[in-house]
Amino acid sequence: MEDIKLLETIEKYLTGEMSAQERELFETIRKNTPEIDQMVVEHSMFLQHMDIYANRRRFTKLTEKTFQHLFAAGEWTLDHTVPSKAKMIQLWNKYKKVAAIAASVGGFIALTTSAIIMYFSPSLNGNQLLQLSKAIEVIKKNQQVQGHLLNEVKSKVPENAKLISGGSGFLIDPKGFIITNAHVLKGNGAIVINNIGQELHASIIYADKDLDLALLKIVDEDFSAPAAIPFSIRKKMTDLGEEIFTLGYPRNDNDIVYGKGYLSAQTGYDGDSSTYQIQISANPGYSGAPLFNDKGEVIGIMSARQKLAEGVAFAIKSNKIIDLIASIKENDDKAEIKLKISKGGLSNTTNRKDQINIFKPYIFSVRSYN
Amino acid sequence: MPQLSINLLKADLNEQALLKGLANNDSKAVEALYKSHFNMIQHFVLNNNGSFDDARDVFQEAMITLYEKVQSSSFVLTCQIKTYLFSICKHLWLKRLQQMGKYSSPLSVQEESISVEEDLVAFEKKDAAFAIMDRALNSLGEPCKSLLEGYYINKKGMQELAQDFGYTNADNAKNQKYKCLMRLKKLFFTQYNIGD
């Protein structure tokens with residue numbers, strides 16, 4: 001692994017992809033570490049050879065193409081009846097002397113370049129983390145579908161059902177797989193509601209209490225699966241200070257709510273490495289809501305709000321979602337969940353309002369009943 | 001020496017333009033060079049124990065030699081392109097004949113030629129390195145061979161390569177590329193250092 005990192009750094013240096021600062025730093029390392037310097041010299045020579053090789057291959061292709069083209073156009077006629085070979089004859093390779101620069105790489109020093117992580121860990125003894133899920137005692141109401149659907153549609157909430165917990169969740173696979181927090185699903189069954197108030201039955205596929213993640217699948221004939229998920233899940237770590245936003249259902253009236261903030265620490269409560277600490281105005285009910293970065297990549301899933309500090313909240317890192325799906329697939333090879341993982345680069349739009357409009361239909365309110 | 005006339009000046013400029021085009025991989029320049037000069041080479045090789053295919057091979061080598069020479073900005077051709085190409089071809093063909101043991105009588109030559117010894121020494125060195133790199137690359141197997149070709153020869157970006165090869169993201173592709181690169185370097189340098 002180290003070797004690869006070093007080689008990557010050297011190549012970056014030689015192809016001029018380093019910033020002025022990086023260059024300076026690297027050149028100091030070169031001066032002080034003869035082994036590294038040796039490697040740089042060797043790789044530089046190798047890249048030159050590669051360059052010549054690549055050029056010659058490309059040029060050879062060009063001459064062959066030109067020749068074929070002219071020959072087919074009757075530019076030259078064969079004097080013999082000897083059939084022309086279609087392929088180029090390999091050049092002979094008897095050589096007397098090959099000048100060689102002996103590159104001996106002796107010891108190997110691992111080059112570690114590490115970023116400086118601002119670590120802020122609040123010492124919070126005796127603080128309780130408020131779960132963001134709604135702990136509603138007894139709700140007995142027939143939910144009228146809001147907005148565009150017909151009034152005759154009955155609520156899908158079973159009669160006499162007791163609402164145990166609720167939160168938010170979002171689609172990660174167009175077939176109807178929704179990810180949410182495990183603590184949002186305290187009951188046996190679940191109903192998910194989209195942003196236009198359509199209710200759909202969902203079954204709990206998997207719940208991991210340690211990760212606090214759970215997977216639901218919509219099992220309802222009223223569900224029309226979309227063609228694709230418009231956002232991708234980021235695998236890499238997110239930077240401090242990254243501006244983030246979330247869309248979720250914290251209120252009782254099932255209206256989707258937008259919140260924004262920034263990443264304030266790369267670890268969560270008490271140094272928890274599976275969560276980020278974010279600064280955001282969070283209400284209960286945001287649990288399970290997706291956390292996006294500016295590019296519209298999912299960087300985390302909202303999970304808990306710390307009781308005392310205003311605006312401090314925590315989100316489970318997005319790579320945990322990737323891990324969860326991987327482990328589900330490991331145990332069940334019939335599981336047909338396919339995640340859209342970020343390949344980097346800009347998303348199609350970074351206009352916030354556009355992003356919200358595009359993402360809204362894929363985010364659900366999740367209610368768990370007994 | 002012929003008098004400088006407008007025609008000669010024009011021809012000179014033409015040749016300069018052709019050489020520039022050649023240096024830039026311009027297919028039109030390559031085509032023009034083939035059209036203008038291949039026939040002469042064909043006649044030469046055929047008249048000296050060679051076949052049409054031999055002529056094609058030799059001319060291609062000469063084109064590569066010229067191409068690699070014009071890549072350096074300090075190169076100045078002091079004769080006509082025709083003379084240069086012919087000289088290279090004559091030298092290469094003679095060598096081939098000797099290697100095949102076919103050389104017995106002096107070459108039948110109808111063209112002027114100049115000394116191209118130095119140029120060909122440089123060419124042979126490059127040729128040797130090329131063969132080693134080629135062998136090394138071909139013994140890597142897949143996906144290394146195609147991955148490295150994709151990056152270094154076809155100049156594709158990591159994103160594109162990740163998609164082509166079905167890697168989850170550009171970083172995975174990059175990692176794989178470096179693993180392959182390390183193998184290639186090892187193979188290359190083993191061979192390269194042996195030949196001495």
# chains A, B, ... in the order shown; residues from 1 in each chain; ligands from 1
>>> select_by_dssp(residues="chain B", states="alpha helix (DSSP H)", output="NGL selection string")
:B and (6-23 or 27-46 or 52-70 or 81-100 or 117-138 or 144-148 or 158-165 or 170-194)
>>> residues_around(residues="Met158 in chain B", least_positions_apart="2", cutoff="7 Å", atoms="only C-alpha atoms", output="PyMOL selection string")
chain B and resi 156+160-162+170+173-174
>>> closest_residue(among="A:Tyr276, A:Tyr206, A:Phe364, A:Phe59", to="Glu242 in chain A", atoms="only C-alpha atoms")
A:Tyr276
>>> closest_residue(among="A:Val257, A:Ala72, A:Leu25, A:Ile4", to="chain B", atoms="only C-alpha atoms")
A:Ile4
>>> interface_residues(of="chain B", to="chain A", cutoff="8 Å", atoms="only C-alpha atoms", output="ChimeraX atom specification")
/B:25,27,30-31,34-35,39,51-53,57,60,64,124-126,128-131,133-134,152-153,159,168-170,175,178-179,185,192-193,195-196
>>> select_by_dssp(residues="range 179-338 of chain A", states="strand (DSSP E or B)", output="NGL selection string")
:A and (179-180 or 189-193 or 199-208 or 213-218 or 233 or 243-248 or 257-265 or 275-280 or 290-293 or 298-306 or 312-317)
>>> closest_residue(among="A:Gly288, A:Gly197, A:Gly74, A:Pro230", to="Ser165 in chain A", atoms="only C-alpha atoms")
A:Gly288
